[in-house]
file work02.pdb (PDB, C-alpha atoms, pLDDT in the B column)
MODEL        1
ATOM      1  CA  MET A1102     -92.687   2.352   0.131  1.00 50.00           C
ATOM      2  CA  PHE A1103     -89.901   0.042   1.268  1.00 46.00           C
ATOM      3  CA  SER A1104     -92.330  -1.582   3.758  1.00 54.00           C
ATOM      4  CA  ARG A1105     -94.771  -2.486   0.949  1.00 53.00           C
ATOM      5  CA  ILE A1106     -91.906  -3.877  -1.191  1.00 47.00           C
ATOM      6  CA  HIS A1107     -90.679  -5.882   1.807  1.00 49.00           C
ATOM      7  CA  GLN A1108     -94.162  -7.339   2.323  1.00 51.00           C
ATOM      8  CA  LYS A1109     -94.502  -8.355  -1.331  1.00 50.00           C
ATOM      9  CA  LEU A1110     -90.989  -9.770  -1.889  1.00 44.00           C
ATOM     10  CA  GLY A1111     -90.299 -11.273   1.522  1.00 50.00           C
ATOM     11  CA  THR A1112     -87.006 -10.847   3.406  1.00 54.00           C
ATOM     12  CA  ALA A1113     -84.779 -12.737   0.977  1.00 54.00           C
ATOM     13  CA  GLY A1114     -86.277 -11.111  -2.084  1.00 54.00           C
ATOM     14  CA  PHE A1115     -86.153  -7.761  -0.430  1.00 53.00           C
ATOM     15  CA  VAL A1116     -82.432  -8.119   0.376  1.00 53.00           C
ATOM     16  CA  ILE A1117     -81.678  -9.135  -3.202  1.00 54.00           C
ATOM     17  CA  ALA A1118     -83.625  -6.152  -4.492  1.00 56.00           C
ATOM     18  CA  ILE A1119     -81.771  -3.821  -2.153  1.00 56.00           C
ATOM     19  CA  VAL A1120     -78.429  -5.271  -3.266  1.00 53.00           C
ATOM     20  CA  ALA A1121     -79.348  -4.769  -6.901  1.00 56.00           C
ATOM     21  CA  LEU A1122     -80.284  -1.176  -6.160  1.00 54.00           C
ATOM     22  CA  ILE A1123     -77.022  -0.571  -4.309  1.00 53.00           C
ATOM     23  CA  VAL A1124     -75.029  -2.013  -7.205  1.00 49.00           C
ATOM     24  CA  ALA A1125     -76.918   0.243  -9.567  1.00 52.00           C
ATOM     25  CA  LEU A1126     -76.146   3.243  -7.397  1.00 49.00           C
ATOM     26  CA  GLY A1127     -72.473   2.387  -7.081  1.00 48.00           C
ATOM     27  CA  GLY A1128     -72.428   0.440  -3.820  1.00 44.00           C
ATOM     28  CA  ALA A1129     -72.552   3.406  -1.437  1.00 47.00           C
ATOM     29  CA  ALA A1130     -76.252   3.841  -0.568  1.00 49.00           C
ATOM     30  CA  TYR A1131     -77.082   0.854   1.656  1.00 46.00           C
ATOM     31  CA  ALA A1132     -76.615   2.811   4.883  1.00 46.00           C
ATOM     32  CA  ALA A1133     -79.486   5.158   3.956  1.00 50.00           C
ATOM     33  CA  MET A1134     -81.985   2.379   3.162  1.00 52.00           C
ATOM     34  CA  PRO A1135     -84.861   2.319   5.690  1.00 54.00           C
ATOM     35  CA  GLY A1136     -86.476  -0.919   6.808  1.00 56.00           C
ATOM     36  CA  LEU A1137     -83.207  -2.892   7.179  1.00 59.00           C
ATOM     37  CA  ASN A1138     -82.089  -4.140  10.532  1.00 69.00           C
ATOM     38  CA  SER A1139     -78.399  -4.320  11.470  1.00 73.00           C
ATOM     39  CA  LYS A1140     -78.041  -7.966  10.399  1.00 71.00           C
ATOM     40  CA  GLN A1141     -79.613  -7.230   7.024  1.00 64.00           C
ATOM     41  CA  LYS A1142     -77.344  -4.214   6.549  1.00 66.00           C
ATOM     42  CA  LYS A1143     -74.293  -6.435   7.185  1.00 71.00           C
ATOM     43  CA  GLU A1144     -75.529  -9.006   4.668  1.00 67.00           C
ATOM     44  CA  VAL A1145     -76.243  -6.311   2.090  1.00 59.00           C
ATOM     45  CA  LYS A1146     -72.814  -4.807   2.634  1.00 67.00           C
ATOM     46  CA  LYS A1147     -71.138  -8.203   2.257  1.00 70.00           C
ATOM     47  CA  ILE A1148     -73.064  -9.063  -0.923  1.00 63.00           C
ATOM     48  CA  ALA A1149     -72.504  -5.583  -2.375  1.00 58.00           C
ATOM     49  CA  LYS A1150     -68.748  -5.855  -1.890  1.00 65.00           C
ATOM     50  CA  GLY A1151     -68.697  -9.032  -3.949  1.00 60.00           C
ATOM     51  CA  MET A1152     -70.820  -7.540  -6.722  1.00 58.00           C
ATOM     52  CA  VAL A1153     -69.408  -4.063  -7.044  1.00 56.00           C
ATOM     53  CA  LYS A1154     -66.388  -3.984  -9.337  1.00 64.00           C
ATOM     54  CA  PRO A1155     -63.519  -1.669  -8.400  1.00 65.00           C
ATOM     55  CA  GLY A1156     -63.018   1.385 -10.494  1.00 69.00           C
ATOM     56  CA  VAL A1157     -60.036   2.106 -12.712  1.00 79.00           C
ATOM     57  CA  PRO A1158     -56.977   3.014 -10.573  1.00 78.00           C
ATOM     58  CA  GLY A1159     -56.090   6.652 -10.677  1.00 79.00           C
ATOM     59  CA  PRO A1160     -52.647   8.000 -11.621  1.00 85.00           C
ATOM     60  CA  ALA A1161     -49.839   7.572  -9.105  1.00 82.00           C
ATOM     61  CA  GLY A1162     -49.338  10.453  -6.745  1.00 80.00           C
ATOM     62  CA  PRO A1163     -46.042  12.346  -6.433  1.00 86.00           C
ATOM     63  CA  ALA A1164     -43.217  10.656  -4.543  1.00 82.00           C
ATOM     64  CA  GLY A1165     -43.042  11.470  -0.879  1.00 80.00           C
ATOM     65  CA  ALA A1166     -40.037  13.106   0.784  1.00 84.00           C
ATOM     66  CA  PRO A1167     -37.188  10.734   1.745  1.00 84.00           C
ATOM     67  CA  GLY A1168     -37.434   9.403   5.241  1.00 79.00           C
ATOM     68  CA  ALA A1169     -34.854  10.088   7.914  1.00 84.00           C
ATOM     69  CA  ALA A1170     -31.761   7.890   7.958  1.00 82.00           C
ATOM     70  CA  GLY A1171     -32.053   4.896  10.215  1.00 78.00           C
ATOM     71  CA  ALA A1172     -29.883   4.428  13.283  1.00 84.00           C
ATOM     72  CA  LYS A1173     -26.529   2.691  12.821  1.00 84.00           C
ATOM     73  CA  GLY A1174     -26.672  -0.953  13.707  1.00 80.00           C
ATOM     74  CA  ASP A1175     -24.535  -2.550  16.359  1.00 85.00           C
ATOM     75  CA  THR A1176     -21.104  -3.871  15.390  1.00 85.00           C
ATOM     76  CA  GLY A1177     -21.143  -7.565  14.734  1.00 81.00           C
ATOM     77  CA  ALA A1178     -19.167 -10.030  16.768  1.00 87.00           C
ATOM     78  CA  THR A1179     -15.509 -10.584  15.855  1.00 87.00           C
ATOM     79  CA  GLY A1180     -15.024 -13.598  13.630  1.00 83.00           C
ATOM     80  CA  GLY A1181     -12.923 -16.526  14.638  1.00 86.00           C
ATOM     81  CA  THR A1182      -9.217 -16.753  13.871  1.00 88.00           C
ATOM     82  CA  GLY A1183      -8.497 -18.343  10.506  1.00 85.00           C
ATOM     83  CA  PRO A1184      -6.220 -21.343  10.070  1.00 90.00           C
ATOM     84  CA  GLU A1185      -2.470 -20.805  10.126  1.00 88.00           C
ATOM     85  CA  GLY A1186      -0.974 -20.301   6.672  1.00 86.00           C
ATOM     86  CA  PRO A1187       1.774 -22.456   5.192  1.00 89.00           C
ATOM     87  CA  LYS A1188       5.371 -21.770   6.154  1.00 85.00           C
ATOM     88  CA  GLY A1189       7.244 -19.586   3.674  1.00 77.00           C
ATOM     89  CA  ASP A1190      10.483 -20.433   1.946  1.00 73.00           C
ATOM     90  CA  THR A1191      13.713 -19.914   3.850  1.00 71.00           C
ATOM     91  CA  GLY A1192      15.317 -16.571   3.061  1.00 62.00           C
ATOM     92  CA  PRO A1193      18.853 -16.186   1.700  1.00 58.00           C
ATOM     93  CA  THR A1194      21.655 -16.633   4.191  1.00 64.00           C
ATOM     94  CA  ASP A1195      24.581 -15.638   1.966  1.00 69.00           C
ATOM     95  CA  THR A1196      26.231 -12.362   2.993  1.00 86.00           C
ATOM     96  CA  LYS A1197      28.268 -11.999  -0.188  1.00 89.00           C
ATOM     97  CA  LEU A1198      27.604  -9.151  -2.625  1.00 90.00           C
ATOM     98  CA  LEU A1199      26.049 -10.458  -5.823  1.00 89.00           C
ATOM     99  CA  PRO A1200      28.096 -10.281  -9.053  1.00 90.00           C
ATOM    100  CA  GLY A1201      27.986  -6.875 -10.698  1.00 91.00           C
ATOM    101  CA  LYS A1202      26.171  -5.252  -7.756  1.00 92.00           C
ATOM    102  CA  SER A1203      27.389  -2.179  -5.877  1.00 95.00           C
ATOM    103  CA  VAL A1204      27.370  -0.910  -2.301  1.00 95.00           C
ATOM    104  CA  SER A1205      28.156   2.604  -1.094  1.00 96.00           C
ATOM    105  CA  GLY A1206      28.326   4.758   2.034  1.00 96.00           C
ATOM    106  CA  TYR A1207      30.047   7.672   3.792  1.00 96.00           C
ATOM    107  CA  TRP A1208      33.365   7.959   5.642  1.00 95.00           C
ATOM    108  CA  HIS A1209      34.837  10.405   8.155  1.00 92.00           C
ATOM    109  CA  PHE A1210      38.399  10.949   9.401  1.00 89.00           C
ATOM    110  CA  GLU A1211      39.342  13.389  12.177  1.00 87.00           C
ATOM    111  CA  THR A1212      42.331  13.736  14.522  1.00 83.00           C
ATOM    112  CA  ASN A1213      44.409  16.356  16.345  1.00 76.00           C
ATOM    113  CA  ASN A1214      47.578  14.279  16.270  1.00 64.00           C
ATOM    114  CA  THR A1215      50.386  16.187  14.511  1.00 61.00           C
ATOM    115  CA  ILE A1216      52.853  13.287  14.306  1.00 63.00           C
ATOM    116  CA  GLY A1217      52.613   9.965  12.513  1.00 68.00           C
ATOM    117  CA  GLU A1218      49.544   8.535  10.878  1.00 77.00           C
ATOM    118  CA  GLY A1219      45.815   8.229  11.414  1.00 82.00           C
ATOM    119  CA  VAL A1220      43.586   5.236  10.746  1.00 87.00           C
ATOM    120  CA  LEU A1221      40.525   5.292   8.521  1.00 89.00           C
ATOM    121  CA  THR A1222      38.213   2.262   8.377  1.00 92.00           C
ATOM    122  CA  VAL A1223      35.362   1.345   6.035  1.00 95.00           C
ATOM    123  CA  ASP A1224      33.179  -1.743   6.637  1.00 94.00           C
ATOM    124  CA  PHE A1225      31.474  -3.405   3.684  1.00 95.00           C
ATOM    125  CA  PRO A1226      27.879  -4.435   4.509  1.00 93.00           C
ATOM    126  CA  LEU A1227      28.375  -7.546   2.307  1.00 93.00           C
ATOM    127  CA  ARG A1228      31.526  -9.481   1.513  1.00 94.00           C
ATOM    128  CA  ILE A1229      33.284  -8.592  -1.731  1.00 94.00           C
ATOM    129  CA  GLU A1230      35.321 -11.541  -3.010  1.00 89.00           C
ATOM    130  CA  PRO A1231      37.919 -11.286  -4.312  1.00 88.00           C
ATOM    131  CA  PRO A1232      38.674  -7.962  -2.544  1.00 94.00           C
ATOM    132  CA  PRO A1233      38.406  -4.868  -4.763  1.00 95.00           C
ATOM    133  CA  THR A1234      41.241  -2.542  -5.729  1.00 94.00           C
ATOM    134  CA  ILE A1235      41.230   0.829  -3.947  1.00 95.00           C
ATOM    135  CA  GLU A1236      41.417   4.163  -5.748  1.00 95.00           C
ATOM    136  CA  TYR A1237      41.430   7.493  -3.847  1.00 95.00           C
ATOM    137  CA  MET A1238      39.626  10.474  -5.383  1.00 95.00           C
ATOM    138  CA  PRO A1239      40.804  13.806  -3.827  1.00 94.00           C
ATOM    139  CA  PRO A1240      38.378  16.738  -3.433  1.00 95.00           C
ATOM    140  CA  GLY A1241      37.440  18.272  -6.779  1.00 93.00           C
ATOM    141  CA  SER A1242      38.959  15.459  -8.857  1.00 94.00           C
ATOM    142  CA  GLU A1243      37.468  14.532 -12.214  1.00 95.00           C
ATOM    143  CA  PRO A1244      35.799  11.141 -12.673  1.00 96.00           C
ATOM    144  CA  THR A1245      38.008   8.333 -13.965  1.00 97.00           C
ATOM    145  CA  GLU A1246      37.336   5.095 -15.806  1.00 96.00           C
ATOM    146  CA  ASN A1247      37.508   3.103 -12.573  1.00 97.00           C
ATOM    147  CA  CYS A1248      35.724   5.722 -10.436  1.00 97.00           C
ATOM    148  CA  PRO A1249      33.186   7.423 -12.754  1.00 97.00           C
ATOM    149  CA  GLY A1250      31.193   9.165 -10.015  1.00 96.00           C
ATOM    150  CA  GLY A1251      31.698  11.931  -7.468  1.00 96.00           C
ATOM    151  CA  TRP A1252      31.430  12.225  -3.706  1.00 95.00           C
ATOM    152  CA  GLU A1253      27.736  13.165  -3.967  1.00 95.00           C
ATOM    153  CA  ASP A1254      27.056  10.234  -6.323  1.00 96.00           C
ATOM    154  CA  PRO A1255      29.729   7.609  -5.643  1.00 97.00           C
ATOM    155  CA  LYS A1256      30.245   4.929  -8.266  1.00 97.00           C
ATOM    156  CA  ALA A1257      32.851   2.239  -8.852  1.00 97.00           C
ATOM    157  CA  LYS A1258      33.789   0.037 -11.780  1.00 95.00           C
ATOM    158  CA  ARG A1259      33.461  -3.702 -11.217  1.00 94.00           C
ATOM    159  CA  GLY A1260      36.300  -4.874  -8.980  1.00 93.00           C
ATOM    160  CA  TYR A1261      37.087  -1.387  -7.575  1.00 96.00           C
ATOM    161  CA  PHE A1262      36.639   0.420  -4.260  1.00 97.00           C
ATOM    162  CA  CYS A1263      36.515   4.195  -4.829  1.00 97.00           C
ATOM    163  CA  LEU A1264      37.108   6.551  -1.905  1.00 96.00           C
ATOM    164  CA  TYR A1265      35.749  10.033  -2.752  1.00 97.00           C
ATOM    165  CA  ALA A1266      36.842  12.971  -0.577  1.00 95.00           C
ATOM    166  CA  ALA A1267      34.539  15.980  -0.195  1.00 96.00           C
ATOM    167  CA  LEU A1268      37.000  17.714   2.186  1.00 94.00           C
ATOM    168  CA  ASN A1269      40.596  16.994   3.166  1.00 91.00           C
ATOM    169  CA  ASN A1270      42.112  19.383   5.675  1.00 88.00           C
ATOM    170  CA  GLY A1271      45.479  18.319   7.015  1.00 85.00           C
ATOM    171  CA  ALA A1272      45.635  14.711   5.804  1.00 86.00           C
ATOM    172  CA  ASN A1273      48.351  13.573   3.414  1.00 83.00           C
ATOM    173  CA  PRO A1274      47.348  14.746  -0.087  1.00 74.00           C
ATOM    174  CA  GLY A1275      48.650  11.451  -1.439  1.00 77.00           C
ATOM    175  CA  GLY A1276      45.721   9.692   0.160  1.00 82.00           C
ATOM    176  CA  PRO A1277      45.496   6.683   2.445  1.00 86.00           C
ATOM    177  CA  ASN A1278      47.266   3.404   1.787  1.00 86.00           C
ATOM    178  CA  GLY A1279      46.458  -0.217   2.472  1.00 87.00           C
ATOM    179  CA  GLN A1280      44.520  -2.792   0.481  1.00 90.00           C
ATOM    180  CA  PRO A1281      40.874  -3.699   1.148  1.00 93.00           C
ATOM    181  CA  THR A1282      39.816  -7.137   2.335  1.00 94.00           C
ATOM    182  CA  ALA A1283      36.608  -8.987   1.569  1.00 94.00           C
ATOM    183  CA  ARG A1284      34.916  -7.384   4.610  1.00 94.00           C
ATOM    184  CA  GLY A1285      36.183  -3.818   4.359  1.00 95.00           C
ATOM    185  CA  TRP A1286      39.190  -1.583   4.422  1.00 94.00           C
ATOM    186  CA  LEU A1287      41.561  -0.267   7.081  1.00 91.00           C
ATOM    187  CA  GLY A1288      43.843   2.435   5.739  1.00 89.00           C
ATOM    188  CA  LEU A1289      46.705   4.457   7.187  1.00 87.00           C
ATOM    189  CA  TRP A1290      46.554   8.150   6.434  1.00 86.00           C
ATOM    190  CA  GLY A1291      49.585  10.356   6.820  1.00 83.00           C
ATOM    191  CA  ILE A1292      49.277  13.668   8.692  1.00 82.00           C
ATOM    192  CA  ASN A1293      50.761  16.862   7.292  1.00 77.00           C
ATOM    193  CA  GLY A1294      53.492  18.299   9.460  1.00 68.00           C
ATOM    194  CA  GLY A1295      52.280  21.206  11.622  1.00 64.00           C
ATOM    195  CA  ALA A1296      48.591  20.344  11.295  1.00 65.00           C
ATOM    196  CA  THR A1297      46.710  20.589  14.581  1.00 73.00           C
ATOM    197  CA  ASN A1298      43.135  19.745  13.533  1.00 82.00           C
ATOM    198  CA  VAL A1299      42.910  17.210  10.724  1.00 87.00           C
ATOM    199  CA  LEU A1300      39.492  16.645   9.116  1.00 89.00           C
ATOM    200  CA  ALA A1301      38.506  14.721   6.025  1.00 92.00           C
ATOM    201  CA  TYR A1302      35.220  13.190   4.924  1.00 95.00           C
ATOM    202  CA  GLY A1303      33.439  11.963   1.838  1.00 96.00           C
ATOM    203  CA  SER A1304      31.755   8.893   0.368  1.00 97.00           C
ATOM    204  CA  TRP A1305      32.711   5.537  -1.099  1.00 97.00           C
ATOM    205  CA  ALA A1306      31.450   2.905  -3.507  1.00 98.00           C
ATOM    206  CA  ALA A1307      32.479  -0.644  -4.283  1.00 97.00           C
ATOM    207  CA  THR A1308      31.296  -3.005  -7.017  1.00 96.00           C
ATOM    208  CA  GLU A1309      31.613  -6.787  -7.122  1.00 94.00           C
ATOM    209  CA  ARG A1310      33.237  -8.395 -10.120  1.00 89.00           C
ATOM    210  CA  CYS A1311      31.348 -10.638 -12.477  1.00 85.00           C
ATOM    211  CA  PRO A1312      32.136 -14.368 -12.420  1.00 78.00           C
ATOM    212  CA  LEU A1313      35.547 -15.430 -13.756  1.00 73.00           C
ATOM    213  CA  ASP A1314      36.192 -18.193 -16.272  1.00 73.00           C
ATOM    214  CA  GLU A1315      38.844 -20.891 -15.908  1.00 72.00           C
ATOM    215  CA  GLU A1316      41.520 -18.461 -17.123  1.00 72.00           C
ATOM    216  CA  LEU A1317      40.368 -15.838 -14.596  1.00 67.00           C
ATOM    217  CA  HIS A1318      38.818 -13.648 -17.297  1.00 72.00           C
ATOM    218  CA  GLU A1319      35.773 -11.727 -16.130  1.00 69.00           C
ATOM    219  CA  LEU A1320      32.503 -12.778 -17.707  1.00 73.00           C
ATOM    220  CA  GLU A1321      29.452 -10.586 -18.287  1.00 75.00           C
ATOM    221  CA  CYS A1322      26.811 -10.437 -15.585  1.00 76.00           C
TER     222      CYS A1322
ENDMDL
END
call {"tool": "encode", "arguments": {"input": "work02.pdb", "output": "structure tokens"}}
result
Amino acid sequence: MFSRIHQKLGTAGFVIAIVALIVALGGAAYAAMPGLNSKQKKEVKKIAKGMVKPGVPGPAGPAGAPGAAGAKGDTGATGGTGPEGPKGDTGPTDTKLLPGKSVSGYWHFETNNTIGEGVLTVDFPLRIEPPPTIEYMPPGSEPTENCPGGWEDPKAKRGYFCLYAALNNGANPGGPNGQPTARGWLGLWGINGGATNVLAYGSWAATERCPLDEELHELEC
């Protein structure tokens, strides 16, 4: 049958007829058509692809499983050094305690000397000018106006140096004597007669005065 059609229509007409038939059948039957050589089949296939319209896309399939994590990349090269920053302001050089501020610390006194006096020293980390007035606080003493703290929490009123004793074994109960200087205090402590092992320790606090006016009256700070 296809031979008779080929003879009547000629090669070109026959190819067009075959293409029309393939389009009518959905574009999938050209391979089964007899009477076509390989070149004609290629031409029919090419023409059919241009004539056959794609069907409506189907619904999307379910998402596939996540793939395995990729390998970690190599570390990048170290960046260049940035430019040098501007020079900062010069820090304070004054070693004097600021007005109204306090400093504190611990002290320790020990000797086996049974005659004379012992020496107790306290160094202020910052100068206190004018020098503060000393006040000794024996073990167990109640806070005072000038020394409102205790040996575990030493405090001092402005202009005072408070020496709190946690223990005093063998030192003169009257306390040490000697006035502080701007840089610290060196005090002489009497020893009780007959004492062989003298031990005393505690804490201290000192507070700088506020500025003074022309009449040496303390101002607020």
call {"tool": "atom_distance", "arguments": {"input": "work02.pdb", "atom1": "atom CA of Leu1221 of chain A", "atom2": "atom CA of Pro1274 of chain A"}}
result
14.5 Å
call {"tool": "atom_distance", "arguments": {"input": "work02.pdb", "atom1": "atom CA of Leu1287 of chain A", "atom2": "atom CA of Asp1224 of chain A"}}
result
8.5 Å
call {"tool": "resolve_selection", "arguments": {"input": "work02.pdb", "expression": "the PyMOL selection byres ((chain A and resi 1202) around 9)", "output": "JSON, numbers by chain"}}
result
{"A": [1198, 1199, 1200, 1201, 1203, 1204, 1259, 1307, 1308, 1309, 1310, 1311]}
call {"tool": "resolve_selection", "arguments": {"input": "work02.pdb", "expression": "the PyMOL selection byres ((chain A and resi 1292-1306) around 8)", "output": "ChimeraX atom specification"}}
result
/A:1203-1219,1252-1253,1255-1257,1262-1273,1290-1291,1307-1308
call {"tool": "atom_distance", "arguments": {"input": "work02.pdb", "atom1": "atom CA of Gly1279 of chain A", "atom2": "atom CA of Met1238 of chain A"}}
result
14.9 Å
call {"tool": "closest_residue", "arguments": {"input": "work02.pdb", "among": "A:Glu1236, A:Glu1321, A:Tyr1261, A:Thr1182", "to": "Gly1275 of chain A", "atoms": "all atoms listed in the file"}}
result
A:Glu1236
call {"tool": "axis_aligned_box", "arguments": {"input": "work02.pdb", "around": "segment 1206-1209 of chain A", "padding_each_side": "8 Å", "output": "AutoDock Vina command-line options"}}
result
--center_x 31.6 --center_y 7.6 --center_z 5.1 --size_x 22.5 --size_y 21.6 --size_z 22.1
call {"tool": "resolve_selection", "arguments": {"input": "work02.pdb", "expression": "the PyMOL selection byres ((chain A and resi 1284) around 7)", "output": "list in words"}}
result
Asp1224, Phe1225, Leu1227, Arg1228, Ile1229, Thr1282, Ala1283 and Gly1285 of chain A
call {"tool": "closest_residue", "arguments": {"input": "work02.pdb", "among": "A:Pro1240, A:Gly1189, A:Gly1159, A:Gly1276", "to": "Val1220 of chain A", "atoms": "all atoms listed in the file"}}
result
A:Gly1276
